[in-house]
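Comments concern the structure below.
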Amino acid sequence: MAAAAGLAGVLVLSACGGAGGSGASAKEVNVLMVNNPQMVDLQKLTADNFTKQTGIKVNYTVLPENDVRAKISQEFSSQAGQYDVATISNYEVPTFAKNGWLSSLDNTVAKSADFNQSDILPAMTKALTAADGKLYAEPFYGESSFLMYRKDVFAQKGLTMPAQPTWQQVADLAAQADGAQPGMKGICLRGQPGWGQVFAPLTTVVNTFGGTWFDKDWNAKVNAPEFVKATQFYVDLVTAHGEAGAPQAGFTECLNNLSQGKAAMWYDATSAAGSLEAKDSPVAGKIGYVAAPVDQTKSSGWLYTWAWAIEKAGKHQDEAGKFIEWASSKQYEELVGQQLGWSRVPAGKRASTYQNADYQKSAEPFYKQTEDAIKSVDPANPGVQPRPAPGIQFVAIAEFADMATQVSQEVTSAIAGKQTVQQALDKGQQLAQKVADKYKK
């Protein structure tokens with residue numbers, strides 16, 4: 001979700017020849033995946049390692065995030081069997097599993113002596129396990145969310161960042177840090193439309209303010225007082241002390257703002273830290289990382305993972321299982337660390353990663369905060385009330401993506417000053433109620 005931007009255009013690549021889904025033999029596996037940097041690294045390492053060790057050729061079809069989501073949804077819903085493995089997230093797993101589109105990975109994990117499922121962070125395993133108790137995907141990398149801030153700017157202004165800040169404290173600090181340097185705003189928050197853009201951070205704010213999209217009985221609560229209060233707080237904060245062009249700002253824009261000294265704080269994905277601490281980053285060593293801000297809950301970070309899943313109709317189930325075993329393994333992480341550098345390890349999924357001295361050295365400013373953030377989340381209970389479906393920054397139902405995207409357009413309009421928050425959420429309530437009515441039936 002965080003690194004939606006990657007290589008432009010559509011890439012269809014193969015580890016060692018062939019194209020996804022065409023004329024595959026018993027020793028091939030066809031993989032459909034998002035084009036994020038971690039997956040690009042995977043392509044580079046496959047032929048000389050996985051294929052050399054197993055004799056299994058991997059045919060990769062690689063697409064930008066929005067395109068790959070559409071293609072995966074079409075492929076899995078039709079059970080065309082063109083692909084064996086695809087990158088899906090913890091958002092898709094409950095729906096895809098319920099619809100019978102996925103093969104369980106329980107046997108794959110059980111017969112692998114090297115995989116060590118107990119090393120996978122419990123929050124990740126839980127998020128990728130369906131209601132029937134079966135595991136349907138294995139994480140390639142994972143993330144939560146935290147608050148990032150300029151330590152040097154805070155020191156210059158005499159400001160202190162709590163280790164576990166409240167949202168009110170963040171708002172107060174944003175006001176004091178606003179203008180600390182020429183062109184610097186107090187905070188950057190996503191305002192761009194999209195269920196995975198503005199509503200990724202905003203839904204976590206709603207959760208901790210006591211709101212929810214739906215209560216346990218499938219009553220829509222989008223214009224309930226708690227949801228309105230949280231959204232009003234968010235809109236007021238980004239309007240008063242947020243970045244210029246907030247209605248168009250997403251993950252990438254906020255990353256650039258913090259990197260270029262245009263923001264003193266940023267609340268977003270833990271995966272952003274790797275870019276901020278890269279050797280060529282102008283703010284490397286200047287950023288502090290603390291827990292996601294809260295209001296009524298003890299924690300409020302989100303949970304997201306790009307994970308490997310096997311299509312039920314895939315023609316190469318055994319080969320697919322072996323590929324997932326390799327691509328999600330501790331050994332693969334070590335391979336990346338040794339050949340490409342430890343900062344490029346697809347982290348956020350294994351406890352052993354955070355105990356690795358080489359990784360700790362490379363990710364020293366943020367690795368502990370990331371591990372703590374992922375361990376503290378509970379997708380089944382992210383707020384103050386029972387929920388009808390799991391999910392923290394989303395509701396794990398098929399209709400959520402379209403519904404929340406439409407509501408996000410109304411919220412972005414409120415950020416732009418074209419309507420009030422109440423007007424935006426009254427429209428959102430109507431959209432959510434249509435979904436709620438369907439589930440009540």
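Order determines the names: the first chain of the structure tokens is A, the second B, and so forth; residues in each chain are numbered 1 upward, and ligands are numbered 1 upward as they are shown.
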
Self-check item: Within 8 Å of A:Leu121 using only C-alpha atoms, minus same-chain residues under 2 positions, as number ranges by chain
Solution: A: 118-119, 123-125, 349-351, 374-375

Quiz prompt | Surrounding residues of A:Lys279 excluding itself and chain neighbours under 5 positions, 12 Å, only C-alpha atoms, as a ChimeraX atom specification | solution = /A:274,284-285,341,343,362-363

Practice problem: Go through A:Ala404, A:Ala200, A:Ala171, A:Leu45 and flag the residue nearest A:Asp268, using only C-alpha atoms for the distances. | Solution: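 Counting only C-alpha atoms, the residue closest to A:Asp268 is A:Ala200.
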
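With distances restricted to only C-alpha atoms, A:Gln181 is the closest residue to A:Arg150 from A:Ser299, A:Gln317, A:Gln181, A:Thr129.
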
Quiz prompt | From A:Ala398, A:Leu303, A:Leu431, A:Leu42, residue lying nearest A:Glu371 [only C-alpha atoms] | solution =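 Result for the nearest residue to A:Glu371: A:Leu303.
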
Practice problem: With a distance cut-off of 10 Å and only C-alpha atoms, select the neighbouring residues of A:Ala249, excluding the residue or stretch itself and same-chain residues fewer than 2 positions from it, and output the selection as a ChimeraX atom specification. | Solution: /A:188-193,197-198,243-247,251-255,257

Practice problem: Any chance you could list, as an MDAnalysis selection string, the residues in stretch 182-312 of chain A that come up strand (DSSP E) when DSSP is run on the backbone? | Solution: chainID A and resid 265:269 287:291 304:310

Contact residues around A:Ala424 with only C-alpha atoms at 8 Å, ignoring same-chain residues under 2 positions, as a CSV table (one decimal) with C-alpha atoms, in the first residue's frame:
```csv
chain,number,residue,atom,x,y,z
A,407,VAL,CA,-16.4,8.2,0.2
A,410,GLU,CA,-16.0,13.4,-0.7
A,411,VAL,CA,-13.5,13.7,2.1
A,413,SER,CA,-13.5,17.6,-1.4
A,414,ALA,CA,-13.8,18.7,2.2
A,419,GLN,CA,-17.9,21.1,1.3
A,420,THR,CA,-18.1,20.5,5.0
A,421,VAL,CA,-17.0,17.3,6.7
A,422,GLN,CA,-20.6,16.6,7.7
A,426,ASP,CA,-23.6,12.3,5.1
A,427,LYS,CA,-23.0,11.2,1.5
A,428,GLY,CA,-20.7,8.5,2.7
```

Exercise. For stretch 326-333 of chain A, work out the shell of residues within 9 Å, counting only C-alpha atoms and skipping chain neighbours fewer than 4 positions away, then give it as a PyMOL selection string.
Key: chain A and resi 42+46+50+114-116+119+138-141+307-308+321-322+337-338+342+344-347+349-350+352-353

Exercise. Fewer than 4 positions away in the same chain doesn't count, so skip those; otherwise give me all residues within 12 Å of stretch 75-78 of chain A, counting only C-alpha atoms, as a PyMOL selection string.
Key: chain A and resi 21+31-32+68-71+82-88+92-93+95-103+309-314+398

Quiz item: atom CA of A:Asp67 to atom CA of A:Gly391: how many Å, to one decimal?
Solution: 22.8 Å

Self-check item: Best match for closeness to A:Pro379 among A:Leu128, A:Val40, A:Leu105, A:Ala224, counting only C-alpha atoms
Solution: A:Leu128
